[in-house]
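Accompanying notes for the structure given below.
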Amino acid sequence: MPTYKELHGVNVQNLASDPSEDGIGGDIWYNTTSNELKVTSGFLTGGSWSTGGNLGTLRQELGAAGTQTAALAFGGDALPITGATEEYNGRVWTAGGTMGTARSRLPGCGLQTAGLAFGGAPTPGATTGATEEYDGSSWTAGGAMGTGRYYLAGAGTQTAGLAIGGATPPVLTATTGATEEYDGSAWTSGGTMSDARTRSGGAGTQTAGLVFAGNSTGTNRTYTEEYDGSAWTSGGSMGTARYNLGSAGTQTAALGFGGSPSSSESYDGTSWTAFTAMGTSRYRMGSAGTQTLALGFGGFSDTSFSIVALTEEWQGTGILINTLTSS
């Protein structure tokens, strides 16, 4: 019989105590105190947004990576376009290393100490395929994308990233369904989406990716597509069409939020469910985290009609801890 590591690529964690019930379905660990193998299960049943610390710099159309308590914000349009980076510790943002190429309209993926930035717009009418890697203090250049584009979605990690869709100027509506995969040094072509789009949400990994919502030829989308490492297939549609939204989570446990309207929706691998709206309705924000512990920051408020520095934290509920075996 194959081991857990052979099936999933990682070892089961040994923990002295159970984590709080804020993981995603399928998280597994061994409690060394009680000598029990445990797993999270269930579906998201609710949640709420609360206010976090403000970004140091007002910005929109920024890149993001990391978790709710260790997030990364970089680039974006701060009037002018910036390459500034900020790091979040769950309470406050502090300055990090500056990007080599200042740009907006870019995605990101990975962790605060192993982040990835790619694509975007160094000026409002141009694109770049430049890639940069963050080590927790500074950015270094990585391999360039095959096709420069902006307003694309991102997923995965620094050494297994996924670039999805986007726009290829000079025509803003020139959307693409192309996918590229990053191996830590170079990008290669992946499967093409059935619905070419821009400004969509992305989540998951390079071999289990998710893209949802967005805009194509001037029409906001509800469509969801799932990636298996080579091809895209259709998933369940969102309840509300939107674009320029925040996103977090995995292919089977995702969260989409904001993007005008400000409502939140969660995905269980089959269908979307509507939940509590963000406190401040906005779009073009940075986002990070998981389905139960997500983070949205910066963006453009469609109520005050201004760029904001606001950060909001999502706490989801409904995930349970179950014991599989005990000694």
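In the structure tokens, the first chain shown is A, the next is B, and so on; residue numbers restart at 1 for each chain, and ligands run from 1 in the order shown.
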
**Message:** Give me the residues near Thr188 of chain A as a PyMOL selection string, where near means some atom within 12 Å (using only C-alpha atoms) and where sequence neighbours in that chain fewer than 5 positions away do not count.
**Reply:** chain A and resi 143-147+160-163+178-183+229-230

**Item:** DSSP strand (DSSP E or B) residues within segment 71-180 of chain A, as a ChimeraX atom specification
**Value:** /A:71-74,77,81,85-88,93-95,104,108-111,114-118,121,131-134,139-141,150,153-157,160-164,167,175,179-180

Neighbouring residues of Ala248 of chain A were defined as those with any atom within 10 Å, considering only C-alpha atoms; residues of the same chain fewer than 3 positions away were excluded. Please report them as an mmCIF file with N, CA and C atoms, in the first residue's frame.
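Below is the file that was written, selection.cif:
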```cif
data_model
loop_
_atom_site.group_PDB
_atom_site.id
_atom_site.type_symbol
_atom_site.label_atom_id
_atom_site.label_comp_id
_atom_site.auth_asym_id
_atom_site.auth_seq_id
_atom_site.Cartn_x
_atom_site.Cartn_y
_atom_site.Cartn_z
ATOM 1 N N ALA A 65 0.590 37.831 -2.094
ATOM 2 C CA ALA A 65 0.951 36.442 -1.816
ATOM 3 C C ALA A 65 0.870 36.225 -0.315
ATOM 4 N N GLY A 66 0.954 34.940 0.094
ATOM 5 C CA GLY A 66 1.065 34.618 1.504
ATOM 6 C C GLY A 66 -0.223 34.210 2.184
ATOM 7 N N THR A 67 -0.238 34.387 3.504
ATOM 8 C CA THR A 67 -1.341 33.969 4.361
ATOM 9 C C THR A 67 -1.914 35.177 5.107
ATOM 10 N N ALA A 155 -1.729 31.588 -9.423
ATOM 11 C CA ALA A 155 -1.933 30.533 -8.427
ATOM 12 C C ALA A 155 -0.618 29.780 -8.258
ATOM 13 N N GLY A 201 -10.415 35.779 -10.723
ATOM 14 C CA GLY A 201 -9.820 35.281 -9.493
ATOM 15 C C GLY A 201 -9.106 33.973 -9.740
ATOM 16 N N GLY A 202 -8.001 33.750 -9.038
ATOM 17 C CA GLY A 202 -7.250 32.502 -9.173
ATOM 18 C C GLY A 202 -6.960 31.897 -7.818
ATOM 19 N N ALA A 203 -6.894 30.564 -7.761
ATOM 20 C CA ALA A 203 -6.613 29.870 -6.500
ATOM 21 C C ALA A 203 -6.020 28.505 -6.806
ATOM 22 N N GLY A 204 -5.523 27.845 -5.747
ATOM 23 C CA GLY A 204 -5.047 26.483 -5.904
ATOM 24 C C GLY A 204 -3.576 26.369 -6.254
ATOM 25 N N GLN A 251 -8.478 24.539 -5.008
ATOM 26 C CA GLN A 251 -9.447 24.165 -6.030
ATOM 27 C C GLN A 251 -10.752 23.652 -5.433
ATOM 28 N N ALA A 253 -11.672 24.298 -2.124
ATOM 29 C CA ALA A 253 -12.051 25.121 -0.968
ATOM 30 C C ALA A 253 -11.571 26.543 -1.221
ATOM 31 N N ALA A 254 -12.296 27.264 -2.092
ATOM 32 C CA ALA A 254 -11.893 28.595 -2.508
ATOM 33 C C ALA A 254 -12.843 29.660 -1.972
ATOM 34 N N LEU A 255 -12.361 30.894 -1.980
ATOM 35 C CA LEU A 255 -13.173 32.041 -1.586
ATOM 36 C C LEU A 255 -12.966 33.153 -2.599
ATOM 37 N N GLY A 256 -14.075 33.707 -3.114
ATOM 38 C CA GLY A 256 -14.045 34.874 -3.978
ATOM 39 C C GLY A 256 -14.784 36.001 -3.293
ATOM 40 N N PHE A 257 -14.246 37.235 -3.338
ATOM 41 C CA PHE A 257 -14.868 38.320 -2.578
ATOM 42 C C PHE A 257 -14.596 39.665 -3.230
ATOM 43 N N SER A 266 -18.086 31.111 -1.477
ATOM 44 C CA SER A 266 -17.133 30.025 -1.267
ATOM 45 C C SER A 266 -17.426 28.877 -2.227
ATOM 46 N N SER A 287 -5.108 40.179 -2.456
ATOM 47 C CA SER A 287 -5.768 39.159 -1.631
ATOM 48 C C SER A 287 -4.837 37.986 -1.394
ATOM 49 N N ALA A 288 -5.059 37.296 -0.277
ATOM 50 C CA ALA A 288 -4.205 36.169 0.093
ATOM 51 C C ALA A 288 -4.961 35.288 1.084
ATOM 52 N N GLY A 289 -4.360 34.132 1.427
ATOM 53 C CA GLY A 289 -4.905 33.280 2.471
ATOM 54 C C GLY A 289 -5.651 32.060 1.981
ATOM 55 N N THR A 290 -6.537 31.577 2.856
ATOM 56 C CA THR A 290 -7.296 30.357 2.605
ATOM 57 C C THR A 290 -8.798 30.652 2.616
ATOM 58 N N GLN A 291 -9.580 29.618 2.386
ATOM 59 C CA GLN A 291 -11.037 29.769 2.384
ATOM 60 C C GLN A 291 -11.560 30.217 3.749
ATOM 61 N N THR A 292 -10.901 29.829 4.809
ATOM 62 C CA THR A 292 -11.362 30.181 6.153
ATOM 63 C C THR A 292 -10.578 31.314 6.802
ATOM 64 N N LEU A 293 -9.406 31.636 6.252
ATOM 65 C CA LEU A 293 -8.582 32.719 6.795
ATOM 66 C C LEU A 293 -8.039 33.540 5.626
ATOM 67 N N ALA A 294 -8.892 34.384 5.066
ATOM 68 C CA ALA A 294 -8.521 35.174 3.896
ATOM 69 C C ALA A 294 -8.228 36.620 4.278
ATOM 70 N N LEU A 295 -7.619 37.324 3.331
ATOM 71 C CA LEU A 295 -7.208 38.703 3.559
ATOM 72 C C LEU A 295 -7.430 39.503 2.274
ATOM 73 N N GLY A 296 -8.054 40.689 2.398
ATOM 74 C CA GLY A 296 -8.217 41.608 1.281
ATOM 75 C C GLY A 296 -7.668 42.964 1.667
#
```

**Request:** Extract, using only C-alpha atoms, all DNA, RNA and protein residues at most 12 Å from Gly75 of chain A, discarding same-chain residues fewer than 6 positions from it, and format them as a ChimeraX atom specification.
**Result:** /A:57-65,81-86,96-108,116-123,132,139,285-286,298
